[in-house]
Amino acid sequence: IILADNIPSFNLVTTPSRLPEDASSLEEIYKKIAGLSGQEIEVIKNVVSAATANNETVLLADNIPYEAGIIVAADQNDYQALDLEVSSSRRYVTNNIPTLSHILGFTGIISPEEYSNRADDSYRRFDVIGKQGIEKYFEKELRGTFGEETVEVDALGHAARIIAKTDPVAGNNVTLTIDGELQSYIESSIQAHLKNFSATKASVIVMDPNTGEILALISYPAFDSNLFVGGISSSNYSALINDPDQPLFPRASSGEFPSGSVIKPVYATAALMEGIITSTTSFLSVGGFSVGPYFFKDWKAGGHGVTNVYHAIAQQSEPMVIGD
């Protein structure tokens, strides 16, 4: 099942040295860029100005409409100072399975700090980079490399011949052990289950005990990674960070929970294998147990009453600890 793929998009790029020096001609170029991208002219001017000193390639507009891209491609005489880059942007299945967002993460424009650390790896100041999750961890494998053409042009800027060409190399696919259908099923089950309680948050991890492979990793509630593609809006981001249930927090991998519930099945298995208890052995759950001067409370006040190993594991009651 494809969890994340690419959809084509167009970017407008240039280098400051290619822009006309004449003020009126330059202003005309800025107007055309603004018309194609829907950006404010002042924003475009500031972007170019910041790149002028080092004559760096600069992103004028990303994800421009298909129709605008065709206009630039078809009329190179009017747009010879600009390059139309066929790019791509991520598309995630997290609009249908939000809990996958904590696993997949998302991409975004490289930050100044990230750029300074990766400038030697052929990154540009406006390239997209993995920010979280799988996208970040496997950035090198997923990225691929750019292609390049050296073109000879005539006095009017028309391409005469290709002098050199290096084909781009696509990034690798990454196959996860995550079972998308299982993840979706558990997510739906959590939603249905929580409606019967006052709880609003949950986490579930499903592992194949034979291989250690993680089949599902659910932190609930979650968010949609697609919101971050191309830059998240301030309203959407505010809604996420101000949500009291913290949908951005990966509680399945970063939450801190008492370890007792995890160890109980191990104690139960050992006790059954050694014959200390049987499947019908019962204990009286009274709401906790004492060890010296300390009293360890059960989660249920007053306890669970008469409880066997099945009940103890299902209800996470304290007799599992007493039973060892």
# chains A, B, ... in the order shown; residues from 1 in each chain; ligands from 1

call {"tool": "residues_around", "arguments": {"residues": "region 242-244 of chain A", "least_positions_apart": "6", "cutoff": "12 Å", "atoms": "only C-alpha atoms", "output": "mmCIF file with N, CA and C atoms, in the first residue's frame"}}
result
data_model
loop_
_atom_site.group_PDB
_atom_site.id
_atom_site.type_symbol
_atom_site.label_atom_id
_atom_site.label_comp_id
_atom_site.auth_asym_id
_atom_site.auth_seq_id
_atom_site.Cartn_x
_atom_site.Cartn_y
_atom_site.Cartn_z
ATOM 1 N N THR A 200 -9.776 10.783 25.842
ATOM 2 C CA THR A 200 -9.673 11.308 24.473
ATOM 3 C C THR A 200 -8.349 10.952 23.813
ATOM 4 N N LYS A 201 -7.445 10.303 24.562
ATOM 5 C CA LYS A 201 -6.110 10.011 24.035
ATOM 6 C C LYS A 201 -5.785 8.531 24.235
ATOM 7 N N PRO A 221 -5.044 11.399 19.632
ATOM 8 C CA PRO A 221 -5.381 11.828 18.271
ATOM 9 C C PRO A 221 -4.128 12.168 17.466
ATOM 10 N N ALA A 222 -4.328 12.393 16.175
ATOM 11 C CA ALA A 222 -3.200 12.659 15.286
ATOM 12 C C ALA A 222 -3.512 13.864 14.392
ATOM 13 N N PHE A 223 -2.776 13.981 13.307
ATOM 14 C CA PHE A 223 -2.948 15.107 12.394
ATOM 15 C C PHE A 223 -2.717 14.606 10.974
ATOM 16 N N SER A 234 -0.942 29.446 9.235
ATOM 17 C CA SER A 234 -0.848 29.809 10.649
ATOM 18 C C SER A 234 -2.093 29.372 11.413
ATOM 19 N N SER A 235 -3.245 29.415 10.764
ATOM 20 C CA SER A 235 -4.485 29.009 11.453
ATOM 21 C C SER A 235 -4.496 27.511 11.736
ATOM 22 N N ASN A 236 -4.060 26.714 10.756
ATOM 23 C CA ASN A 236 -4.011 25.261 10.974
ATOM 24 C C ASN A 236 -2.983 24.897 12.032
#

call {"tool": "residues_around", "arguments": {"residues": "Leu217 (chain A)", "least_positions_apart": "2", "cutoff": "9 Å", "atoms": "only C-alpha atoms", "output": "PDB file with N, CA and C atoms, in the first residue's frame"}}
result
ATOM      1  N   THR A  99      -3.150   8.763  11.915  1.00  0.00           N
ATOM      2  CA  THR A  99      -2.129   8.293  12.853  1.00  0.00           C
ATOM      3  C   THR A  99      -0.835   7.883  12.158  1.00  0.00           C
ATOM      4  N   LEU A 100      -0.858   7.732  10.843  1.00  0.00           N
ATOM      5  CA  LEU A 100       0.389   7.439  10.116  1.00  0.00           C
ATOM      6  C   LEU A 100       1.302   8.657  10.064  1.00  0.00           C
ATOM      7  N   HIS A 102       2.509  10.446  12.435  1.00  0.00           N
ATOM      8  CA  HIS A 102       3.592  10.380  13.414  1.00  0.00           C
ATOM      9  C   HIS A 102       4.719   9.466  12.940  1.00  0.00           C
ATOM     10  N   ILE A 103       4.399   8.531  12.057  1.00  0.00           N
ATOM     11  CA  ILE A 103       5.406   7.618  11.522  1.00  0.00           C
ATOM     12  C   ILE A 103       6.084   8.230  10.304  1.00  0.00           C
ATOM     13  N   ILE A 178       5.136  -1.423   8.556  1.00  0.00           N
ATOM     14  CA  ILE A 178       3.803  -0.979   8.953  1.00  0.00           C
ATOM     15  C   ILE A 178       2.751  -1.570   8.018  1.00  0.00           C
ATOM     16  N   GLN A 183      -3.243  -0.545  10.729  1.00  0.00           N
ATOM     17  CA  GLN A 183      -3.175   0.771  11.362  1.00  0.00           C
ATOM     18  C   GLN A 183      -4.544   1.458  11.291  1.00  0.00           C
ATOM     19  N   SER A 203      -2.717   5.220  22.865  1.00  0.00           N
ATOM     20  CA  SER A 203      -1.603   4.776  22.030  1.00  0.00           C
ATOM     21  C   SER A 203      -1.607   3.259  21.958  1.00  0.00           C
ATOM     22  N   VAL A 204      -1.234   2.751  20.798  1.00  0.00           N
ATOM     23  CA  VAL A 204      -1.200   1.301  20.567  1.00  0.00           C
ATOM     24  C   VAL A 204       0.039   0.970  19.740  1.00  0.00           C
ATOM     25  N   ILE A 205       0.750  -0.065  20.139  1.00  0.00           N
ATOM     26  CA  ILE A 205       1.877  -0.574  19.353  1.00  0.00           C
ATOM     27  C   ILE A 205       1.641  -2.056  19.100  1.00  0.00           C
ATOM     28  N   VAL A 206       1.753  -2.465  17.852  1.00  0.00           N
ATOM     29  CA  VAL A 206       1.593  -3.877  17.494  1.00  0.00           C
ATOM     30  C   VAL A 206       2.901  -4.379  16.907  1.00  0.00           C
ATOM     31  N   MET A 207       3.467  -5.406  17.525  1.00  0.00           N
ATOM     32  CA  MET A 207       4.746  -5.966  17.082  1.00  0.00           C
ATOM     33  C   MET A 207       4.586  -7.430  16.721  1.00  0.00           C
ATOM     34  N   ILE A 214       7.543  -3.803  13.657  1.00  0.00           N
ATOM     35  CA  ILE A 214       6.414  -3.006  14.118  1.00  0.00           C
ATOM     36  C   ILE A 214       5.370  -2.972  13.007  1.00  0.00           C
ATOM     37  N   LEU A 215       4.185  -3.500  13.296  1.00  0.00           N
ATOM     38  CA  LEU A 215       3.117  -3.586  12.301  1.00  0.00           C
ATOM     39  C   LEU A 215       2.162  -2.399  12.372  1.00  0.00           C
ATOM     40  N   SER A 219      -0.598   6.800  17.653  1.00  0.00           N
ATOM     41  CA  SER A 219      -0.720   7.844  18.661  1.00  0.00           C
ATOM     42  C   SER A 219      -2.005   8.594  18.343  1.00  0.00           C
ATOM     43  N   ALA A 252       2.922   7.271  21.309  1.00  0.00           N
ATOM     44  CA  ALA A 252       3.267   5.846  21.242  1.00  0.00           C
ATOM     45  C   ALA A 252       4.764   5.627  21.323  1.00  0.00           C
ATOM     46  N   SER A 253       5.561   6.593  20.832  1.00  0.00           N
ATOM     47  CA  SER A 253       7.015   6.433  20.847  1.00  0.00           C
ATOM     48  C   SER A 253       7.706   7.334  21.861  1.00  0.00           C
TER      49      SER A 253
END

call {"tool": "residues_around", "arguments": {"residues": "Gly133 (chain A)", "least_positions_apart": "4", "cutoff": "9 Å", "atoms": "only C-alpha atoms", "output": "mmCIF file with all heavy atoms, in the first residue's frame"}}
result
data_model
loop_
_atom_site.group_PDB
_atom_site.id
_atom_site.type_symbol
_atom_site.label_atom_id
_atom_site.label_comp_id
_atom_site.auth_asym_id
_atom_site.auth_seq_id
_atom_site.Cartn_x
_atom_site.Cartn_y
_atom_site.Cartn_z
ATOM 1 N N SER A 101 0.764 9.834 10.346
ATOM 2 C CA SER A 101 1.566 11.057 10.272
ATOM 3 C C SER A 101 2.730 11.040 11.256
ATOM 4 O O SER A 101 3.811 11.552 10.969
ATOM 5 C CB SER A 101 0.689 12.291 10.524
ATOM 6 O OG SER A 101 -0.242 12.475 9.485
ATOM 7 N N HIS A 102 2.509 10.446 12.435
ATOM 8 C CA HIS A 102 3.592 10.380 13.414
ATOM 9 C C HIS A 102 4.719 9.466 12.940
ATOM 10 O O HIS A 102 5.866 9.609 13.371
ATOM 11 C CB HIS A 102 3.057 9.873 14.753
ATOM 12 C CG HIS A 102 2.122 10.827 15.422
ATOM 13 N ND1 HIS A 102 0.796 10.560 15.606
ATOM 14 C CD2 HIS A 102 2.324 12.070 15.934
ATOM 15 C CE1 HIS A 102 0.218 11.587 16.214
ATOM 16 N NE2 HIS A 102 1.126 12.510 16.418
ATOM 17 N N ILE A 103 4.399 8.531 12.057
ATOM 18 C CA ILE A 103 5.406 7.618 11.522
ATOM 19 C C ILE A 103 6.084 8.230 10.304
ATOM 20 O O ILE A 103 7.319 8.313 10.225
ATOM 21 C CB ILE A 103 4.773 6.272 11.124
ATOM 22 C CG1 ILE A 103 4.092 5.624 12.322
ATOM 23 C CG2 ILE A 103 5.822 5.334 10.527
ATOM 24 C CD1 ILE A 103 3.225 4.427 11.966
ATOM 25 N N LEU A 104 5.281 8.685 9.351
ATOM 26 C CA LEU A 104 5.820 9.187 8.085
ATOM 27 C C LEU A 104 6.494 10.539 8.238
ATOM 28 O O LEU A 104 7.469 10.836 7.560
ATOM 29 C CB LEU A 104 4.696 9.295 7.050
ATOM 30 C CG LEU A 104 3.931 8.006 6.743
ATOM 31 C CD1 LEU A 104 2.811 8.287 5.753
ATOM 32 C CD2 LEU A 104 4.870 6.933 6.204
ATOM 33 N N GLY A 105 5.977 11.391 9.136
ATOM 34 C CA GLY A 105 6.493 12.744 9.249
ATOM 35 C C GLY A 105 6.023 13.582 8.076
ATOM 36 O O GLY A 105 4.964 13.345 7.500
ATOM 37 N N PHE A 106 6.847 14.557 7.679
ATOM 38 C CA PHE A 106 6.487 15.419 6.552
ATOM 39 C C PHE A 106 7.743 16.137 6.072
ATOM 40 O O PHE A 106 8.800 16.086 6.713
ATOM 41 C CB PHE A 106 5.406 16.435 6.950
ATOM 42 C CG PHE A 106 5.730 17.218 8.204
ATOM 43 C CD1 PHE A 106 6.524 18.355 8.158
ATOM 44 C CD2 PHE A 106 5.235 16.803 9.430
ATOM 45 C CE1 PHE A 106 6.819 19.076 9.315
ATOM 46 C CE2 PHE A 106 5.527 17.506 10.598
ATOM 47 C CZ PHE A 106 6.318 18.651 10.531
ATOM 48 N N TYR A 137 14.416 10.603 8.725
ATOM 49 C CA TYR A 137 15.381 9.527 8.977
ATOM 50 C C TYR A 137 15.977 8.995 7.674
ATOM 51 O O TYR A 137 17.169 8.687 7.608
ATOM 52 C CB TYR A 137 14.684 8.400 9.742
ATOM 53 C CG TYR A 137 15.640 7.342 10.252
ATOM 54 C CD1 TYR A 137 16.314 7.522 11.459
ATOM 55 C CD2 TYR A 137 15.857 6.180 9.528
ATOM 56 C CE1 TYR A 137 17.190 6.559 11.930
ATOM 57 C CE2 TYR A 137 16.732 5.214 9.994
ATOM 58 C CZ TYR A 137 17.395 5.402 11.192
ATOM 59 O OH TYR A 137 18.269 4.452 11.646
ATOM 60 N N PHE A 138 15.142 8.893 6.636
ATOM 61 C CA PHE A 138 15.600 8.351 5.356
ATOM 62 C C PHE A 138 15.764 9.437 4.286
ATOM 63 O O PHE A 138 15.629 9.164 3.097
ATOM 64 C CB PHE A 138 14.637 7.270 4.853
ATOM 65 C CG PHE A 138 14.722 5.972 5.616
ATOM 66 C CD1 PHE A 138 13.727 5.613 6.507
ATOM 67 C CD2 PHE A 138 15.806 5.120 5.456
ATOM 68 C CE1 PHE A 138 13.794 4.424 7.216
ATOM 69 C CE2 PHE A 138 15.884 3.930 6.154
ATOM 70 C CZ PHE A 138 14.885 3.578 7.040
#

call {"tool": "select_by_dssp", "arguments": {"residues": "region 88-141 of chain A", "states": "strand (DSSP E)", "output": "list in words"}}
result
Ser88, Ser89, Arg90, Arg91, Tyr92, Thr107, Gly108, Ile109, Val128, Ile129 and Gly130 of chain A

call {"tool": "closest_residue", "arguments": {"among": "A:Ile110, A:Arg118, A:Val306, A:Ile218", "to": "Tyr185 (chain A)", "atoms": "only C-alpha atoms"}}
result
A:Ile218

call {"tool": "atom_distance", "arguments": {"atom1": "CA of Val151 (chain A)", "atom2": "CA of Tyr66 (chain A)"}}
result
25.0 Å

call {"tool": "closest_residue", "arguments": {"among": "A:Ser24, A:Asn173, A:Ser49, A:Ser37", "to": "Asn6 (chain A)", "atoms": "only C-alpha atoms"}}
result
A:Asn173

call {"tool": "select_by_dssp", "arguments": {"residues": "region 68-217 of chain A", "states": "helix (DSSP H, G or I)", "output": "mmCIF file with N, CA, C and O atoms, in the first residue's frame"}}
result
data_model
loop_
_atom_site.group_PDB
_atom_site.id
_atom_site.type_symbol
_atom_site.label_atom_id
_atom_site.label_comp_id
_atom_site.auth_asym_id
_atom_site.auth_seq_id
_atom_site.Cartn_x
_atom_site.Cartn_y
_atom_site.Cartn_z
ATOM 1 N N ALA A 68 -0.076 28.245 -15.595
ATOM 2 C CA ALA A 68 1.001 29.230 -15.540
ATOM 3 C C ALA A 68 2.314 28.618 -16.007
ATOM 4 O O ALA A 68 3.112 29.264 -16.699
ATOM 5 N N GLY A 69 2.555 27.358 -15.626
ATOM 6 C CA GLY A 69 3.774 26.682 -16.064
ATOM 7 C C GLY A 69 3.827 26.531 -17.568
ATOM 8 O O GLY A 69 4.885 26.704 -18.196
ATOM 9 N N ILE A 70 2.690 26.225 -18.183
ATOM 10 C CA ILE A 70 2.629 26.073 -19.638
ATOM 11 C C ILE A 70 2.923 27.401 -20.333
ATOM 12 O O ILE A 70 3.596 27.439 -21.375
ATOM 13 N N ILE A 71 2.445 28.502 -19.752
ATOM 14 C CA ILE A 71 2.710 29.826 -20.328
ATOM 15 C C ILE A 71 4.207 30.102 -20.375
ATOM 16 O O ILE A 71 4.748 30.557 -21.389
ATOM 17 N N VAL A 72 4.908 29.812 -19.293
ATOM 18 C CA VAL A 72 6.360 30.052 -19.231
ATOM 19 C C VAL A 72 7.086 29.141 -20.221
ATOM 20 O O VAL A 72 7.998 29.576 -20.934
ATOM 21 N N ALA A 73 6.689 27.874 -20.263
ATOM 22 C CA ALA A 73 7.353 26.922 -21.157
ATOM 23 C C ALA A 73 7.139 27.275 -22.622
ATOM 24 O O ALA A 73 8.031 27.076 -23.463
ATOM 25 N N ALA A 74 5.978 27.825 -22.949
ATOM 26 C CA ALA A 74 5.645 28.092 -24.349
ATOM 27 C C ALA A 74 6.169 29.425 -24.855
ATOM 28 O O ALA A 74 6.260 29.640 -26.066
ATOM 29 N N VAL A 93 -1.259 9.432 2.628
ATOM 30 C CA VAL A 93 -2.574 8.821 2.866
ATOM 31 C C VAL A 93 -3.134 9.250 4.226
ATOM 32 O O VAL A 93 -4.163 8.749 4.665
ATOM 33 N N THR A 94 -2.452 10.180 4.872
ATOM 34 C CA THR A 94 -2.839 10.585 6.226
ATOM 35 C C THR A 94 -4.126 11.396 6.266
ATOM 36 O O THR A 94 -4.619 11.710 7.351
ATOM 37 N N ASN A 95 -4.666 11.745 5.101
ATOM 38 C CA ASN A 95 -5.999 12.350 5.118
ATOM 39 C C ASN A 95 -7.052 11.307 5.496
ATOM 40 O O ASN A 95 -8.115 11.639 6.015
ATOM 41 N N PRO A 98 -4.883 9.384 9.733
ATOM 42 C CA PRO A 98 -4.064 10.429 10.353
ATOM 43 C C PRO A 98 -2.942 9.909 11.250
ATOM 44 O O PRO A 98 -1.877 10.540 11.332
ATOM 45 N N THR A 99 -3.150 8.763 11.915
ATOM 46 C CA THR A 99 -2.129 8.293 12.853
ATOM 47 C C THR A 99 -0.835 7.883 12.158
ATOM 48 O O THR A 99 0.196 7.725 12.818
ATOM 49 N N LEU A 100 -0.858 7.732 10.843
ATOM 50 C CA LEU A 100 0.389 7.439 10.116
ATOM 51 C C LEU A 100 1.302 8.657 10.064
ATOM 52 O O LEU A 100 2.488 8.529 9.763
ATOM 53 N N SER A 101 0.764 9.834 10.346
ATOM 54 C CA SER A 101 1.566 11.057 10.272
ATOM 55 C C SER A 101 2.730 11.040 11.256
ATOM 56 O O SER A 101 3.811 11.552 10.969
ATOM 57 N N HIS A 102 2.509 10.446 12.435
ATOM 58 C CA HIS A 102 3.592 10.380 13.414
ATOM 59 C C HIS A 102 4.719 9.466 12.940
ATOM 60 O O HIS A 102 5.866 9.609 13.371
ATOM 61 N N ILE A 103 4.399 8.531 12.057
ATOM 62 C CA ILE A 103 5.406 7.618 11.522
ATOM 63 C C ILE A 103 6.084 8.230 10.304
ATOM 64 O O ILE A 103 7.319 8.313 10.225
ATOM 65 N N LEU A 104 5.281 8.685 9.351
ATOM 66 C CA LEU A 104 5.820 9.187 8.085
ATOM 67 C C LEU A 104 6.494 10.539 8.238
ATOM 68 O O LEU A 104 7.469 10.836 7.560
ATOM 69 N N PRO A 112 17.638 27.674 7.458
ATOM 70 C CA PRO A 112 19.033 28.160 7.373
ATOM 71 C C PRO A 112 20.022 27.255 8.095
ATOM 72 O O PRO A 112 21.129 27.012 7.603
ATOM 73 N N GLU A 113 19.621 26.747 9.253
ATOM 74 C CA GLU A 113 20.516 25.862 10.011
ATOM 75 C C GLU A 113 20.740 24.546 9.280
ATOM 76 O O GLU A 113 21.871 24.055 9.191
ATOM 77 N N GLU A 114 19.664 23.975 8.737
ATOM 78 C CA GLU A 114 19.790 22.732 7.980
ATOM 79 C C GLU A 114 20.633 22.940 6.729
ATOM 80 O O GLU A 114 21.448 22.081 6.367
ATOM 81 N N TYR A 115 20.462 24.091 6.096
ATOM 82 C CA TYR A 115 21.237 24.379 4.887
ATOM 83 C C TYR A 115 22.726 24.484 5.202
ATOM 84 O O TYR A 115 23.569 23.951 4.457
ATOM 85 N N SER A 116 23.075 25.148 6.292
ATOM 86 C CA SER A 116 24.495 25.293 6.643
ATOM 87 C C SER A 116 25.140 23.952 6.933
ATOM 88 O O SER A 116 26.338 23.754 6.686
ATOM 89 N N ASN A 117 24.340 22.993 7.421
ATOM 90 C CA ASN A 117 24.874 21.660 7.711
ATOM 91 C C ASN A 117 24.946 20.767 6.475
ATOM 92 O O ASN A 117 25.642 19.758 6.479
ATOM 93 N N ARG A 118 24.217 21.150 5.402
ATOM 94 C CA ARG A 118 24.129 20.295 4.223
ATOM 95 C C ARG A 118 24.537 20.988 2.935
ATOM 96 O O ARG A 118 24.293 20.471 1.842
ATOM 97 N N ALA A 119 25.152 22.158 3.041
ATOM 98 C CA ALA A 119 25.515 22.931 1.846
ATOM 99 C C ALA A 119 26.445 22.140 0.922
ATOM 100 O O ALA A 119 26.445 22.353 -0.296
ATOM 101 N N ASP A 120 27.236 21.247 1.483
ATOM 102 C CA ASP A 120 28.170 20.457 0.669
ATOM 103 C C ASP A 120 27.489 19.252 0.006
ATOM 104 O O ASP A 120 28.129 18.505 -0.730
ATOM 105 N N ASP A 121 26.213 19.042 0.283
ATOM 106 C CA ASP A 121 25.487 17.900 -0.279
ATOM 107 C C ASP A 121 24.565 18.307 -1.423
ATOM 108 O O ASP A 121 23.570 17.640 -1.700
ATOM 109 N N GLY A 133 9.970 12.126 11.323
ATOM 110 C CA GLY A 133 9.617 10.747 11.018
ATOM 111 C C GLY A 133 10.475 10.094 9.959
ATOM 112 O O GLY A 133 11.678 10.370 9.825
ATOM 113 N N ILE A 134 9.865 9.204 9.186
ATOM 114 C CA ILE A 134 10.558 8.492 8.115
ATOM 115 C C ILE A 134 11.159 9.475 7.118
ATOM 116 O O ILE A 134 12.259 9.258 6.595
ATOM 117 N N GLU A 135 10.451 10.548 6.835
ATOM 118 C CA GLU A 135 10.938 11.543 5.880
ATOM 119 C C GLU A 135 12.303 12.091 6.302
ATOM 120 O O GLU A 135 13.187 12.297 5.463
ATOM 121 N N LYS A 136 12.476 12.313 7.584
ATOM 122 C CA LYS A 136 13.748 12.845 8.083
ATOM 123 C C LYS A 136 14.800 11.749 8.187
ATOM 124 O O LYS A 136 15.949 11.932 7.772
ATOM 125 N N TYR A 137 14.416 10.603 8.725
ATOM 126 C CA TYR A 137 15.381 9.527 8.977
ATOM 127 C C TYR A 137 15.977 8.995 7.674
ATOM 128 O O TYR A 137 17.169 8.687 7.608
ATOM 129 N N GLU A 139 16.047 10.658 4.728
ATOM 130 C CA GLU A 139 16.194 11.775 3.791
ATOM 131 C C GLU A 139 17.197 11.466 2.678
ATOM 132 O O GLU A 139 16.927 11.689 1.489
ATOM 133 N N LYS A 140 18.331 10.925 3.028
ATOM 134 C CA LYS A 140 19.378 10.660 2.038
ATOM 135 C C LYS A 140 18.912 9.633 1.010
ATOM 136 O O LYS A 140 19.178 9.775 -0.195
ATOM 137 N N GLU A 141 18.237 8.590 1.469
ATOM 138 C CA GLU A 141 17.789 7.529 0.559
ATOM 139 C C GLU A 141 16.626 7.992 -0.330
ATOM 140 O O GLU A 141 16.517 7.600 -1.487
ATOM 141 N N LEU A 142 15.755 8.839 0.215
ATOM 142 C CA LEU A 142 14.571 9.271 -0.511
ATOM 143 C C LEU A 142 14.859 10.403 -1.501
ATOM 144 O O LEU A 142 14.133 10.582 -2.475
ATOM 145 N N ARG A 143 15.921 11.147 -1.251
ATOM 146 C CA ARG A 143 16.155 12.403 -1.969
ATOM 147 C C ARG A 143 16.493 12.245 -3.450
ATOM 148 O O ARG A 143 15.912 12.889 -4.308
ATOM 149 N N GLY A 180 -0.695 -0.871 6.692
ATOM 150 C CA GLY A 180 -1.606 0.260 6.598
ATOM 151 C C GLY A 180 -3.040 -0.087 6.965
ATOM 152 O O GLY A 180 -3.729 0.690 7.638
ATOM 153 N N GLU A 181 -3.509 -1.255 6.530
ATOM 154 C CA GLU A 181 -4.877 -1.661 6.829
ATOM 155 C C GLU A 181 -5.060 -1.926 8.324
ATOM 156 O O GLU A 181 -6.095 -1.582 8.900
ATOM 157 N N LEU A 182 -4.058 -2.535 8.937
ATOM 158 C CA LEU A 182 -4.119 -2.786 10.382
ATOM 159 C C LEU A 182 -4.105 -1.463 11.147
ATOM 160 O O LEU A 182 -4.863 -1.274 12.110
ATOM 161 N N GLN A 183 -3.243 -0.545 10.729
ATOM 162 C CA GLN A 183 -3.175 0.771 11.362
ATOM 163 C C GLN A 183 -4.544 1.458 11.291
ATOM 164 O O GLN A 183 -5.022 2.022 12.285
ATOM 165 N N SER A 184 -5.168 1.421 10.125
ATOM 166 C CA SER A 184 -6.468 2.053 9.939
ATOM 167 C C SER A 184 -7.530 1.397 10.813
ATOM 168 O O SER A 184 -8.371 2.081 11.424
ATOM 169 N N TYR A 185 -7.498 0.063 10.887
ATOM 170 C CA TYR A 185 -8.483 -0.673 11.683
ATOM 171 C C TYR A 185 -8.373 -0.313 13.169
ATOM 172 O O TYR A 185 -9.373 -0.053 13.840
ATOM 173 N N ILE A 186 -7.138 -0.272 13.673
ATOM 174 C CA ILE A 186 -6.944 0.043 15.094
ATOM 175 C C ILE A 186 -7.348 1.485 15.374
ATOM 176 O O ILE A 186 -7.963 1.782 16.408
ATOM 177 N N GLU A 187 -7.021 2.380 14.461
ATOM 178 C CA GLU A 187 -7.401 3.784 14.630
ATOM 179 C C GLU A 187 -8.918 3.918 14.743
ATOM 180 O O GLU A 187 -9.429 4.624 15.619
ATOM 181 N N SER A 188 -9.647 3.222 13.871
ATOM 182 C CA SER A 188 -11.109 3.258 13.904
ATOM 183 C C SER A 188 -11.636 2.635 15.199
ATOM 184 O O SER A 188 -12.621 3.122 15.782
ATOM 185 N N SER A 189 -10.988 1.574 15.645
ATOM 186 C CA SER A 189 -11.410 0.902 16.885
ATOM 187 C C SER A 189 -11.227 1.813 18.090
ATOM 188 O O SER A 189 -12.074 1.850 18.988
ATOM 189 N N ILE A 190 -10.122 2.546 18.106
ATOM 190 C CA ILE A 190 -9.869 3.489 19.204
ATOM 191 C C ILE A 190 -10.951 4.566 19.224
ATOM 192 O O ILE A 190 -11.499 4.903 20.280
ATOM 193 N N GLN A 191 -11.254 5.114 18.062
ATOM 194 C CA GLN A 191 -12.286 6.145 17.980
ATOM 195 C C GLN A 191 -13.616 5.647 18.539
ATOM 196 O O GLN A 191 -14.280 6.341 19.323
ATOM 197 N N ALA A 192 -13.994 4.437 18.141
ATOM 198 C CA ALA A 192 -15.261 3.879 18.606
ATOM 199 C C ALA A 192 -15.224 3.587 20.105
ATOM 200 O O ALA A 192 -16.201 3.836 20.827
ATOM 201 N N HIS A 193 -14.084 3.085 20.588
ATOM 202 C CA HIS A 193 -13.954 2.702 21.995
ATOM 203 C C HIS A 193 -13.986 3.920 22.911
ATOM 204 O O HIS A 193 -14.631 3.904 23.962
ATOM 205 N N LEU A 194 -13.290 4.985 22.515
ATOM 206 C CA LEU A 194 -13.189 6.163 23.377
ATOM 207 C C LEU A 194 -14.522 6.883 23.539
ATOM 208 O O LEU A 194 -14.703 7.652 24.497
#

call {"tool": "closest_residue", "arguments": {"among": "A:Val169, A:Ala216, A:Val128, A:Ile313", "to": "Phe228 (chain A)", "atoms": "only C-alpha atoms"}}
result
A:Val128

call {"tool": "atom_distance", "arguments": {"atom1": "CA of Asp75 (chain A)", "atom2": "CA of Leu59 (chain A)"}}
result
19.6 Å

call {"tool": "closest_residue", "arguments": {"among": "A:Glu85, A:Thr175, A:Gly130, A:Asn46", "to": "Glu148 (chain A)", "atoms": "only C-alpha atoms"}}
result
A:Glu85

call {"tool": "residues_around", "arguments": {"residues": "Ser17 (chain A)", "least_positions_apart": "6", "cutoff": "12 Å", "atoms": "only C-alpha atoms", "output": "PyMOL selection string"}}
result
chain A and resi 26+48-49+51-58+81-82

call {"tool": "residues_around", "arguments": {"residues": "Ser87 (chain A)", "least_positions_apart": "6", "cutoff": "8 Å", "atoms": "only C-alpha atoms", "output": "compact mmCIF listing (two decimals) with N, CA, C and O atoms, in the first residue's frame"}}
result
# COMPACT_ATOMS: atom_id res chain seq x y z
N PRO A 8 3.35 15.86 -9.42
CA PRO A 8 4.14 16.86 -10.13
C PRO A 8 3.74 18.28 -9.76
O PRO A 8 2.58 18.56 -9.46
N SER A 9 4.71 19.17 -9.80
CA SER A 9 4.46 20.59 -9.56
C SER A 9 5.49 21.41 -10.33
O SER A 9 6.52 20.87 -10.76
N PHE A 10 5.22 22.68 -10.51
CA PHE A 10 6.13 23.58 -11.22
C PHE A 10 6.69 24.63 -10.26
O PHE A 10 5.95 25.18 -9.44
N ASN A 11 8.00 24.89 -10.39
CA ASN A 11 8.64 25.98 -9.65
C ASN A 11 9.25 26.96 -10.63
O ASN A 11 9.74 26.57 -11.70
